[in-house]
Amino acid sequence: MPGQETCAPPVIVTLPAHINAATAEQAAGQISAAFTPGVTVVIADLTATACRDRSAIRHLLSAHRKATARGRQVRFAIRPGGSLHRITEFADIHPLLAVYPTLQRAIKADYPKAPGDRAPSPGGSVNLTALAHFRWWLCVLVCHDRS
C-alpha cells in the first residue's frame with residue numbers, strides 16, 4: 001500500500017570455510033552488498049568459518065560499523081568454541097555486536113542476554129567503550145596470524 005513501509009526479512013550471507021587477509025575484504029563486501037533497498041538486517045553466517053587472521057576480524061567489524069552508521073544491523077552467527085568465537089570473545093566484543101551461537105538464533109534474534117549486557121537494537125547504533133577498544137587492540141596485538 002502507498003505510504004506503508006515494508007520491511008524485508010533478514011538476508012543470510014554464508015561466508016566461506018576459511019577467511020584470511022586475502023579474502024576478508026571480499027567477505028565484508030558480501031555483507032555490505034546484501035543491504036539492498038528495504039533490507040535492514042543481514043545475518044553473517046560464520047558457523048562453519050575458521051578465522052585466525054586479525055585483519056579479517058577488522059574487516060568484519062568494519063562491515064558492522066558501516067551498517068550501524070546507516071541504521072542497519074549485522075547479526076553474526078558464530079559457532080561457540082571455534083577459533084573465531086575465541087578471538088571475538090577474548091576481545092570482549094560479543095556484548096557490543098549481535099553475536100548468536102547458531103544461525104537459527106540469529107534469525108529469531110532470541111539469544112538470551114544476561115542483565116547488563118549491551119545488546120544492539122535492530123537499526124540502532126553501537127557505542128564502543130574505551131575498555132572495549134582497549135581489549136580489541138590488545139587482541140589484535142596478541143593474536144598471531146595462523147592462516
# chains A, B, ... in the order shown; residues from 1 in each chain; ligands from 1

$ residues_around --residues "Val13 (chain A)" --least-positions-apart "3" --cutoff "12 Å" --atoms "only C-alpha atoms" --output "list in words"
Pro10, Pro16, Ala27, Ala28, Gly29, Gln30, Ile31, Ser32, Ala33, Ala34, Phe35, Val41, Val42, Ile43, Ala44, Asp45, Leu46, Thr47, Val74, Arg75, Phe76, Ala77, Leu103, Ala106 and Ile107 of chain A

$ closest_residue --among "A:Thr14, A:Ile57, A:Arg70, A:Ala50" --to "Gly82 (chain A)" --atoms "only C-alpha atoms"
A:Ala50

$ atom_distance --atom1 "CA of Gln26 (chain A)" --atom2 "CA of Thr102 (chain A)"
22.7 Å

$ atom_distance --atom1 "CA of Arg65 (chain A)" --atom2 "CA of Leu97 (chain A)"
9.6 Å
